[in-house]
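*Asks:* Next up, entry03.tsv (TSV, N, CA, C and O atoms).
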chain	number	residue	atom	x	y	z
A	120	MET	N	39.55	8.00	0.00
A	120	MET	CA	40.05	8.12	-1.35
A	120	MET	C	39.53	7.00	-2.25
A	120	MET	O	39.81	7.01	-3.43
A	121	MET	N	38.77	6.07	-1.69
A	121	MET	CA	38.28	4.97	-2.51
A	121	MET	C	37.29	5.46	-3.56
A	121	MET	O	37.28	4.97	-4.68
A	122	HIS	N	36.48	6.44	-3.20
A	122	HIS	CA	35.44	6.90	-4.11
A	122	HIS	C	35.85	8.18	-4.83
A	122	HIS	O	35.00	8.88	-5.37
A	123	TYR	N	37.12	8.47	-4.82
A	123	TYR	CA	37.61	9.69	-5.47
A	123	TYR	C	37.65	9.50	-6.98
A	123	TYR	O	38.08	8.46	-7.48
A	124	ARG	N	37.15	10.49	-7.68
A	124	ARG	CA	37.18	10.45	-9.13
A	124	ARG	C	37.62	11.82	-9.61
A	124	ARG	O	37.05	12.84	-9.22
A	125	LYS	N	38.64	11.87	-10.43
A	125	LYS	CA	39.16	13.15	-10.91
A	125	LYS	C	38.16	13.75	-11.90
A	125	LYS	O	37.75	13.11	-12.85
A	126	ALA	N	37.80	14.99	-11.63
A	126	ALA	CA	36.83	15.67	-12.49
A	126	ALA	C	37.56	16.38	-13.63
A	126	ALA	O	38.76	16.64	-13.56
A	127	GLU	N	36.80	16.71	-14.62
A	127	GLU	CA	37.36	17.40	-15.78
A	127	GLU	C	37.25	18.91	-15.55
A	127	GLU	O	36.23	19.42	-15.12
A	128	ASN	N	38.32	19.63	-15.82
A	128	ASN	CA	38.34	21.08	-15.67
A	128	ASN	C	38.08	21.72	-17.03
A	128	ASN	O	38.93	21.69	-17.91
A	129	VAL	N	36.90	22.26	-17.19
A	129	VAL	CA	36.50	22.83	-18.47
A	129	VAL	C	36.21	24.31	-18.28
A	129	VAL	O	35.41	24.68	-17.43
A	130	GLU	N	36.88	25.15	-19.07
A	130	GLU	CA	36.60	26.57	-19.05
A	130	GLU	C	35.87	26.94	-20.32
A	130	GLU	O	36.32	26.63	-21.42
A	131	ARG	N	34.73	27.60	-20.16
A	131	ARG	CA	33.95	28.04	-21.31
A	131	ARG	C	34.34	29.46	-21.66
A	131	ARG	O	34.57	30.28	-20.80
A	132	GLU	N	34.37	29.74	-22.94
A	132	GLU	CA	34.63	31.10	-23.40
A	132	GLU	C	33.34	31.91	-23.29
A	132	GLU	O	32.27	31.43	-23.65
A	133	LEU	N	33.46	33.11	-22.76
A	133	LEU	CA	32.31	34.01	-22.72
A	133	LEU	C	32.11	34.65	-24.07
A	133	LEU	O	33.07	34.89	-24.80
A	134	SER	N	30.89	34.94	-24.41
A	134	SER	CA	30.60	35.67	-25.65
A	134	SER	C	29.81	36.93	-25.30
A	134	SER	O	29.32	37.08	-24.19
A	135	LYS	N	29.70	37.83	-26.27
A	135	LYS	CA	28.99	39.08	-26.01
A	135	LYS	C	27.51	38.85	-25.72
A	135	LYS	O	26.88	39.65	-25.06
A	136	SER	N	26.98	37.73	-26.18
A	136	SER	CA	25.57	37.44	-25.91
A	136	SER	C	25.35	37.05	-24.44
A	136	SER	O	24.26	37.18	-23.91
A	137	GLU	N	26.40	36.56	-23.77
A	137	GLU	CA	26.30	36.16	-22.36
A	137	GLU	C	26.80	37.26	-21.43
A	137	GLU	O	27.04	37.01	-20.26
A	138	TRP	N	26.95	38.45	-21.93
A	138	TRP	CA	27.49	39.57	-21.17
A	138	TRP	C	26.59	39.89	-19.99
A	138	TRP	O	25.40	40.09	-20.15
A	139	ARG	N	27.15	39.95	-18.78
A	139	ARG	CA	26.36	40.15	-17.57
A	139	ARG	C	26.38	41.58	-17.06
A	139	ARG	O	25.63	41.93	-16.18
A	140	PHE	N	27.27	42.40	-17.58
A	140	PHE	CA	27.49	43.71	-17.01
A	140	PHE	C	27.00	44.81	-17.94
A	140	PHE	O	27.77	45.64	-18.41
A	141	ASP	N	25.72	44.84	-18.22
A	141	ASP	CA	25.16	45.84	-19.12
A	141	ASP	C	25.25	47.25	-18.55
A	141	ASP	O	25.27	48.22	-19.30
A	142	ASP	N	25.31	47.36	-17.24
A	142	ASP	CA	25.40	48.69	-16.63
A	142	ASP	C	26.78	49.31	-16.78
A	142	ASP	O	26.94	50.51	-16.58
A	143	CYS	N	27.79	48.53	-17.15
A	143	CYS	CA	29.15	49.06	-17.32
A	143	CYS	C	29.34	49.73	-18.68
A	143	CYS	O	30.14	50.64	-18.81
A	144	VAL	N	28.65	49.24	-19.68
A	144	VAL	CA	28.82	49.74	-21.04
A	144	VAL	C	27.68	50.70	-21.35
A	144	VAL	O	26.52	50.35	-21.13
A	145	PRO	N	27.98	51.90	-21.85
A	145	PRO	CA	26.91	52.83	-22.19
A	145	PRO	C	25.95	52.22	-23.21
A	145	PRO	O	26.35	51.41	-24.05
A	146	LYS	N	24.71	52.61	-23.14
A	146	LYS	CA	23.68	52.03	-24.03
A	146	LYS	C	23.99	52.29	-25.50
A	146	LYS	O	23.64	51.50	-26.36
A	147	THR	N	24.66	53.41	-25.79
A	147	THR	CA	24.97	53.73	-27.19
A	147	THR	C	26.22	53.01	-27.67
A	147	THR	O	26.49	52.99	-28.86
A	148	GLN	N	26.98	52.41	-26.78
A	148	GLN	CA	28.25	51.78	-27.14
A	148	GLN	C	28.16	50.26	-27.05
A	148	GLN	O	28.87	49.64	-26.28
A	149	LYS	N	27.30	49.65	-27.81
A	149	LYS	CA	27.22	48.19	-27.77
A	149	LYS	C	28.37	47.54	-28.53
A	149	LYS	O	28.67	46.38	-28.35
A	150	ASP	N	29.03	48.31	-29.40
A	150	ASP	CA	30.18	47.80	-30.12
A	150	ASP	C	31.44	48.25	-29.38
A	150	ASP	O	32.00	49.29	-29.66
A	151	PHE	N	31.87	47.48	-28.40
A	151	PHE	CA	33.03	47.84	-27.60
A	151	PHE	C	34.17	46.88	-27.89
A	151	PHE	O	33.98	45.79	-28.42
A	152	LEU	N	35.37	47.31	-27.56
A	152	LEU	CA	36.55	46.46	-27.73
A	152	LEU	C	36.69	45.61	-26.48
A	152	LEU	O	36.85	46.12	-25.38
A	153	TRP	N	36.62	44.31	-26.65
A	153	TRP	CA	36.67	43.38	-25.52
A	153	TRP	C	38.00	42.63	-25.56
A	153	TRP	O	38.24	41.83	-26.45
A	154	MET	N	38.85	42.91	-24.60
A	154	MET	CA	40.16	42.29	-24.52
A	154	MET	C	40.11	41.17	-23.48
A	154	MET	O	39.96	41.44	-22.29
A	155	GLN	N	40.20	39.94	-23.94
A	155	GLN	CA	40.17	38.79	-23.05
A	155	GLN	C	41.62	38.35	-22.79
A	155	GLN	O	42.32	37.94	-23.71
A	156	VAL	N	42.04	38.44	-21.55
A	156	VAL	CA	43.42	38.13	-21.18
A	156	VAL	C	43.46	36.78	-20.48
A	156	VAL	O	42.66	36.52	-19.58
A	157	LYS	N	44.39	35.94	-20.90
A	157	LYS	CA	44.55	34.62	-20.29
A	157	LYS	C	45.93	34.54	-19.65
A	157	LYS	O	46.72	35.48	-19.75
A	158	GLY	N	46.23	33.45	-19.03
A	158	GLY	CA	47.51	33.30	-18.34
A	158	GLY	C	48.70	33.36	-19.26
A	158	GLY	O	49.78	33.79	-18.87
A	159	ALA	N	48.56	32.93	-20.51
A	159	ALA	CA	49.67	32.90	-21.46
A	159	ALA	C	49.73	34.13	-22.36
A	159	ALA	O	50.57	34.21	-23.25
A	160	THR	N	48.86	35.10	-22.14
A	160	THR	CA	48.81	36.29	-22.97
A	160	THR	C	50.01	37.19	-22.69
A	160	THR	O	50.38	37.40	-21.54
A	161	LYS	N	50.62	37.72	-23.77
A	161	LYS	CA	51.72	38.68	-23.60
A	161	LYS	C	51.11	40.05	-23.38
A	161	LYS	O	50.37	40.55	-24.22
A	162	VAL	N	51.43	40.65	-22.26
A	162	VAL	CA	50.86	41.94	-21.88
A	162	VAL	C	51.19	43.02	-22.91
A	162	VAL	O	50.34	43.82	-23.30
A	163	SER	N	52.42	43.03	-23.39
A	163	SER	CA	52.83	44.08	-24.34
A	163	SER	C	52.01	44.02	-25.63
A	163	SER	O	51.67	45.05	-26.21
A	164	ASN	N	51.66	42.82	-26.08
A	164	ASN	CA	50.88	42.68	-27.32
A	164	ASN	C	49.47	43.25	-27.17
A	164	ASN	O	48.99	43.97	-28.04
A	165	VAL	N	48.80	42.93	-26.08
A	165	VAL	CA	47.43	43.41	-25.91
A	165	VAL	C	47.39	44.91	-25.62
A	165	VAL	O	46.47	45.60	-26.04
A	166	ILE	N	48.41	45.43	-24.92
A	166	ILE	CA	48.47	46.86	-24.66
A	166	ILE	C	48.65	47.62	-25.97
A	166	ILE	O	47.97	48.62	-26.22
A	167	GLU	N	49.56	47.15	-26.82
A	167	GLU	CA	49.78	47.81	-28.12
A	167	GLU	C	48.52	47.80	-28.96
A	167	GLU	O	48.18	48.80	-29.60
A	168	TYR	N	47.83	46.68	-28.98
A	168	TYR	CA	46.60	46.57	-29.78
A	168	TYR	C	45.52	47.52	-29.26
A	168	TYR	O	44.86	48.22	-30.03
A	169	ALA	N	45.34	47.55	-27.95
A	169	ALA	CA	44.32	48.42	-27.36
A	169	ALA	C	44.66	49.89	-27.56
A	169	ALA	O	43.78	50.70	-27.88
A	170	GLN	N	45.93	50.25	-27.42
A	170	GLN	CA	46.33	51.64	-27.63
A	170	GLN	C	46.11	52.06	-29.07
A	170	GLN	O	45.64	53.17	-29.34
A	171	ALA	N	46.43	51.19	-30.01
A	171	ALA	CA	46.23	51.50	-31.43
A	171	ALA	C	44.74	51.69	-31.73
A	171	ALA	O	44.37	52.61	-32.47
A	172	ALA	N	43.89	50.85	-31.17
A	172	ALA	CA	42.45	50.97	-31.41
A	172	ALA	C	41.89	52.27	-30.83
A	172	ALA	O	41.04	52.92	-31.43
A	173	LEU	N	42.38	52.66	-29.64
A	173	LEU	CA	41.92	53.90	-29.03
A	173	LEU	C	42.45	55.12	-29.77
A	173	LEU	O	41.73	56.11	-29.95
A	174	ASN	N	43.69	55.06	-30.22
A	174	ASN	CA	44.29	56.19	-30.94
A	174	ASN	C	43.63	56.41	-32.30
A	174	ASN	O	43.47	57.55	-32.74
A	175	LYS	N	43.26	55.33	-32.98
A	175	LYS	CA	42.61	55.45	-34.29
A	175	LYS	C	41.16	55.91	-34.17
A	175	LYS	O	40.56	56.33	-35.14
A	176	GLY	N	40.59	55.77	-32.99
A	176	GLY	CA	39.20	56.15	-32.81
A	176	GLY	C	38.22	55.06	-33.21
A	176	GLY	O	37.03	55.32	-33.38
A	177	GLU	N	38.71	53.84	-33.36
A	177	GLU	CA	37.84	52.72	-33.74
A	177	GLU	C	36.83	52.41	-32.64
A	177	GLU	O	35.70	52.05	-32.91
A	178	HIS	N	37.27	52.51	-31.40
A	178	HIS	CA	36.42	52.21	-30.25
A	178	HIS	C	36.58	53.30	-29.20
A	178	HIS	O	37.65	53.86	-29.04
A	179	ARG	N	35.50	53.58	-28.50
A	179	ARG	CA	35.55	54.52	-27.39
A	179	ARG	C	35.36	53.81	-26.06
A	179	ARG	O	35.55	54.38	-25.01
A	180	CYS	N	34.96	52.55	-26.12
A	180	CYS	CA	34.70	51.78	-24.91
A	180	CYS	C	35.57	50.52	-24.96
A	180	CYS	O	35.60	49.81	-25.96
A	181	LEU	N	36.26	50.26	-23.86
A	181	LEU	CA	37.19	49.14	-23.79
A	181	LEU	C	36.87	48.32	-22.55
A	181	LEU	O	36.71	48.87	-21.46
A	182	VAL	N	36.79	47.00	-22.71
A	182	VAL	CA	36.48	46.10	-21.60
A	182	VAL	C	37.60	45.07	-21.50
A	182	VAL	O	37.94	44.43	-22.49
A	183	TRP	N	38.18	44.97	-20.31
A	183	TRP	CA	39.19	43.95	-20.04
A	183	TRP	C	38.54	42.83	-19.25
A	183	TRP	O	37.82	43.08	-18.29
A	184	SER	N	38.81	41.58	-19.62
A	184	SER	CA	38.31	40.45	-18.83
A	184	SER	C	39.39	39.39	-18.75
A	184	SER	O	40.20	39.24	-19.66
A	185	GLY	N	39.40	38.68	-17.64
A	185	GLY	CA	40.38	37.63	-17.44
A	185	GLY	C	39.89	36.62	-16.42
A	185	GLY	O	39.06	36.94	-15.57
A	186	SER	N	40.41	35.43	-16.51
A	186	SER	CA	40.05	34.40	-15.55
A	186	SER	C	41.27	33.55	-15.26
A	186	SER	O	42.20	33.48	-16.07
A	187	GLY	N	41.27	32.93	-14.11
A	187	GLY	CA	42.39	32.07	-13.73
A	187	GLY	C	43.68	32.85	-13.59
A	187	GLY	O	43.76	33.86	-12.89
A	188	GLY	N	44.70	32.39	-14.31
A	188	GLY	CA	46.00	33.04	-14.25
A	188	GLY	C	46.05	34.38	-14.95
A	188	GLY	O	47.03	35.11	-14.85
A	189	GLY	N	44.99	34.74	-15.66
A	189	GLY	CA	44.97	36.00	-16.39
A	189	GLY	C	44.42	37.17	-15.61
A	189	GLY	O	44.43	38.30	-16.09
A	190	VAL	N	43.96	36.95	-14.39
A	190	VAL	CA	43.35	38.04	-13.60
A	190	VAL	C	44.39	39.11	-13.27
A	190	VAL	O	44.15	40.30	-13.43
A	191	VAL	N	45.57	38.70	-12.83
A	191	VAL	CA	46.61	39.65	-12.47
A	191	VAL	C	47.06	40.43	-13.70
A	191	VAL	O	47.27	41.64	-13.66
A	192	LYS	N	47.19	39.74	-14.84
A	192	LYS	CA	47.58	40.40	-16.07
A	192	LYS	C	46.50	41.37	-16.55
A	192	LYS	O	46.80	42.43	-17.10
A	193	THR	N	45.25	41.02	-16.33
A	193	THR	CA	44.14	41.90	-16.71
A	193	THR	C	44.21	43.21	-15.95
A	193	THR	O	44.07	44.30	-16.51
A	194	ILE	N	44.45	43.13	-14.66
A	194	ILE	CA	44.56	44.33	-13.83
A	194	ILE	C	45.76	45.17	-14.26
A	194	ILE	O	45.66	46.39	-14.38
A	195	SER	N	46.87	44.51	-14.56
A	195	SER	CA	48.07	45.23	-15.00
A	195	SER	C	47.82	45.96	-16.32
A	195	SER	O	48.23	47.11	-16.49
A	196	CYS	N	47.14	45.30	-17.25
A	196	CYS	CA	46.84	45.92	-18.54
A	196	CYS	C	45.97	47.16	-18.36
A	196	CYS	O	46.22	48.20	-18.99
A	197	ALA	N	44.97	47.08	-17.52
A	197	ALA	CA	44.09	48.22	-17.29
A	197	ALA	C	44.85	49.38	-16.66
A	197	ALA	O	44.67	50.54	-17.05
A	198	GLU	N	45.74	49.09	-15.72
A	198	GLU	CA	46.50	50.14	-15.05
A	198	GLU	C	47.49	50.81	-16.01
A	198	GLU	O	47.66	52.02	-15.99
A	199	VAL	N	48.15	50.03	-16.85
A	199	VAL	CA	49.09	50.59	-17.82
A	199	VAL	C	48.36	51.48	-18.81
A	199	VAL	O	48.82	52.58	-19.15
A	200	LEU	N	47.21	51.04	-19.27
A	200	LEU	CA	46.47	51.83	-20.27
A	200	LEU	C	45.89	53.10	-19.66
A	200	LEU	O	45.78	54.12	-20.34
A	201	LYS	N	45.56	53.06	-18.38
A	201	LYS	CA	45.03	54.27	-17.72
A	201	LYS	C	46.09	55.37	-17.64
A	201	LYS	O	45.76	56.54	-17.62
A	202	ARG	N	47.36	55.00	-17.60
A	202	ARG	CA	48.43	55.99	-17.55
A	202	ARG	C	48.58	56.75	-18.86
A	202	ARG	O	48.97	57.91	-18.86
A	203	SER	N	48.29	56.09	-19.98
A	203	SER	CA	48.51	56.73	-21.27
A	203	SER	C	47.26	57.35	-21.88
A	203	SER	O	47.35	58.15	-22.80
A	204	HIS	N	46.08	56.98	-21.41
A	204	HIS	CA	44.82	57.52	-21.93
A	204	HIS	C	43.93	57.97	-20.78
A	204	HIS	O	43.89	57.31	-19.75
A	205	PRO	N	43.20	59.06	-20.97
A	205	PRO	CA	42.25	59.48	-19.92
A	205	PRO	C	41.01	58.58	-19.96
A	205	PRO	O	40.10	58.77	-20.77
A	206	LEU	N	40.99	57.59	-19.10
A	206	LEU	CA	39.91	56.61	-19.10
A	206	LEU	C	39.13	56.67	-17.79
A	206	LEU	O	39.66	57.01	-16.74
A	207	TYR	N	37.87	56.30	-17.87
A	207	TYR	CA	37.02	56.16	-16.71
A	207	TYR	C	36.92	54.68	-16.40
A	207	TYR	O	36.57	53.89	-17.27
A	208	GLN	N	37.23	54.28	-15.19
A	208	GLN	CA	37.28	52.86	-14.84
A	208	GLN	C	36.05	52.44	-14.04
A	208	GLN	O	35.69	53.08	-13.07
A	209	VAL	N	35.45	51.34	-14.47
A	209	VAL	CA	34.39	50.68	-13.73
A	209	VAL	C	34.85	49.25	-13.50
A	209	VAL	O	35.16	48.53	-14.44
A	210	THR	N	34.93	48.83	-12.26
A	210	THR	CA	35.44	47.50	-11.94
A	210	THR	C	34.28	46.60	-11.52
A	210	THR	O	33.50	46.96	-10.65
A	211	ARG	N	34.19	45.45	-12.15
A	211	ARG	CA	33.17	44.46	-11.81
A	211	ARG	C	33.85	43.09	-11.73
A	211	ARG	O	34.74	42.79	-12.50
A	212	MET	N	33.39	42.29	-10.80
A	212	MET	CA	33.93	40.94	-10.65
A	212	MET	C	32.78	39.95	-10.63
A	212	MET	O	31.70	40.26	-10.15
A	213	ALA	N	33.05	38.77	-11.13
A	213	ALA	CA	32.05	37.69	-11.14
A	213	ALA	C	32.79	36.36	-11.08
A	213	ALA	O	34.00	36.32	-11.18
A	214	TYR	N	32.04	35.30	-10.91
A	214	TYR	CA	32.65	33.99	-10.90
A	214	TYR	C	31.81	33.04	-11.73
A	214	TYR	O	30.62	33.23	-11.93
A	215	ASN	N	32.45	32.02	-12.24
A	215	ASN	CA	31.79	30.97	-13.01
A	215	ASN	C	31.98	29.66	-12.27
A	215	ASN	O	32.97	29.46	-11.59
A	216	ARG	N	31.04	28.77	-12.43
A	216	ARG	CA	31.17	27.44	-11.86
A	216	ARG	C	31.38	26.45	-12.97
A	216	ARG	O	30.86	26.55	-14.02
Can you give me the file's structure in the form of structure tokens?
*Replies:*
Amino acid sequence: MMHYRKAENVERELSKSEWRFDDCVPKTQKDFLWMQVKGATKVSNVIEYAQAALNKGEHRCLVWSGSGGGVVKTISCAEVLKRSHPLYQVTRMAYNR
């Protein structure tokens, strides 16, 4: 423990320019609704927003992403939304260092 030094925990926000999963989004749908869920996100708020966007027809493609404590909430949001809308699910996982 003599040479132990506490490192800094830094999480970077992903942007659409760093998107790694081009095969998940149709080529014609580059303007998709991207819902980023974090550990402190209220599930009911993001579900309402996503449902409203799908009902209005603003977006036809929806992407859920989460990291850390938000992974479980991300999965829950996708499952809840699948019950109310006929959606096709593509699941991809990745990790950041």
*Asks:* Between atom CA of Arg179 of chain A and atom CA of Lys201 of chain A, what is the distance, to one decimal in Å?
*Replies:* 13.5 Å
*Asks:* Restricting the calculation to only C-alpha atoms: of A:Phe151, A:Trp183, A:Tyr123, A:Tyr207, which residue gets closest to Ile166 of chain A?
*Replies:* A:Trp183
*Asks:* Would you kindly return, as a ChimeraX atom specification, each protein, DNA or RNA residue with an atom no farther than 7 Å from any atom of Gly187 of chain A, considering all atoms listed in the file and excluding same-chain residues fewer than 4 positions away?
*Replies:* /A:156-158,191
*Asks:* Suppose you want the space between atom CA of Val162 of chain A and atom CA of Lys192 of chain A; what is it in Å?
*Replies:*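 About the pair atom CA of Val162 of chain A and atom CA of Lys192 of chain A: they are 6.8 Å apart.
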*Asks:* With all atoms listed in the file as the atoms that count, which of A:Leu200, A:Arg211, A:Arg124, A:Ser195 lies nearest to Ala169 of chain A?
*Replies:*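 So, comparing all the options, the nearest one is A:Leu200.
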*Asks:* Write out as a PyMOL selection string each polymer residue whose atoms come within 8 Å of Val165 of chain A, counting only N, CA, C and O atoms; drop sequence neighbours fewer than 5 positions from it.
*Replies:* chain A and resi 154-155+160+170-172+196
*Asks:* Write the selection just made, keeping N, CA, C and O atoms, as a short mmCIF file (atom, residue, chain, number, x, y, z; two decimals), keeping the file's coordinate frame?
*Replies:*
data_model
loop_
_atom_site.label_atom_id
_atom_site.label_comp_id
_atom_site.auth_asym_id
_atom_site.auth_seq_id
_atom_site.Cartn_x
_atom_site.Cartn_y
_atom_site.Cartn_z
N MET A 154 38.85 42.91 -24.60
CA MET A 154 40.16 42.29 -24.52
C MET A 154 40.11 41.17 -23.48
O MET A 154 39.96 41.44 -22.29
N GLN A 155 40.20 39.94 -23.94
CA GLN A 155 40.17 38.79 -23.05
C GLN A 155 41.62 38.35 -22.79
O GLN A 155 42.32 37.94 -23.71
N THR A 160 48.86 35.10 -22.14
CA THR A 160 48.81 36.29 -22.97
C THR A 160 50.01 37.19 -22.69
O THR A 160 50.38 37.40 -21.54
N GLN A 170 45.93 50.25 -27.42
CA GLN A 170 46.33 51.64 -27.63
C GLN A 170 46.11 52.06 -29.07
O GLN A 170 45.64 53.17 -29.34
N ALA A 171 46.43 51.19 -30.01
CA ALA A 171 46.23 51.50 -31.43
C ALA A 171 44.74 51.69 -31.73
O ALA A 171 44.37 52.61 -32.47
N ALA A 172 43.89 50.85 -31.17
CA ALA A 172 42.45 50.97 -31.41
C ALA A 172 41.89 52.27 -30.83
O ALA A 172 41.04 52.92 -31.43
N CYS A 196 47.14 45.30 -17.25
CA CYS A 196 46.84 45.92 -18.54
C CYS A 196 45.97 47.16 -18.36
O CYS A 196 46.22 48.20 -18.99
#
*Asks:* Within 6 Å of Leu152 of chain A, counting only N, CA, C and O atoms, which residues show up once you throw out same-chain ones fewer than 6 positions away? Write them as a PDB file with N, CA, C and O atoms, keeping the file's coordinate frame, please.
*Replies:*
ATOM      1  N   HIS A 178      37.270  52.510 -31.400  1.00  0.00           N
ATOM      2  CA  HIS A 178      36.420  52.210 -30.250  1.00  0.00           C
ATOM      3  C   HIS A 178      36.580  53.300 -29.200  1.00  0.00           C
ATOM      4  O   HIS A 178      37.650  53.860 -29.040  1.00  0.00           O
ATOM      5  N   CYS A 180      34.960  52.550 -26.120  1.00  0.00           N
ATOM      6  CA  CYS A 180      34.700  51.780 -24.910  1.00  0.00           C
ATOM      7  C   CYS A 180      35.570  50.520 -24.960  1.00  0.00           C
ATOM      8  O   CYS A 180      35.600  49.810 -25.960  1.00  0.00           O
ATOM      9  N   LEU A 181      36.260  50.260 -23.860  1.00  0.00           N
ATOM     10  CA  LEU A 181      37.190  49.140 -23.790  1.00  0.00           C
ATOM     11  C   LEU A 181      36.870  48.320 -22.550  1.00  0.00           C
ATOM     12  O   LEU A 181      36.710  48.870 -21.460  1.00  0.00           O
ATOM     13  N   VAL A 182      36.790  47.000 -22.710  1.00  0.00           N
ATOM     14  CA  VAL A 182      36.480  46.100 -21.600  1.00  0.00           C
ATOM     15  C   VAL A 182      37.600  45.070 -21.500  1.00  0.00           C
ATOM     16  O   VAL A 182      37.940  44.430 -22.490  1.00  0.00           O
ATOM     17  N   TRP A 183      38.180  44.970 -20.310  1.00  0.00           N
ATOM     18  CA  TRP A 183      39.190  43.950 -20.040  1.00  0.00           C
ATOM     19  C   TRP A 183      38.540  42.830 -19.250  1.00  0.00           C
ATOM     20  O   TRP A 183      37.820  43.080 -18.290  1.00  0.00           O
TER      21      TRP A 183
END
*Asks:* Can you work out the spacing between atom CA of Val190 of chain A and atom O of Ala213 of chain A in Å, to one decimal?
*Replies:*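 Separating atom CA of Val190 of chain A from atom O of Ala213 of chain A is a distance of 9.8 Å.
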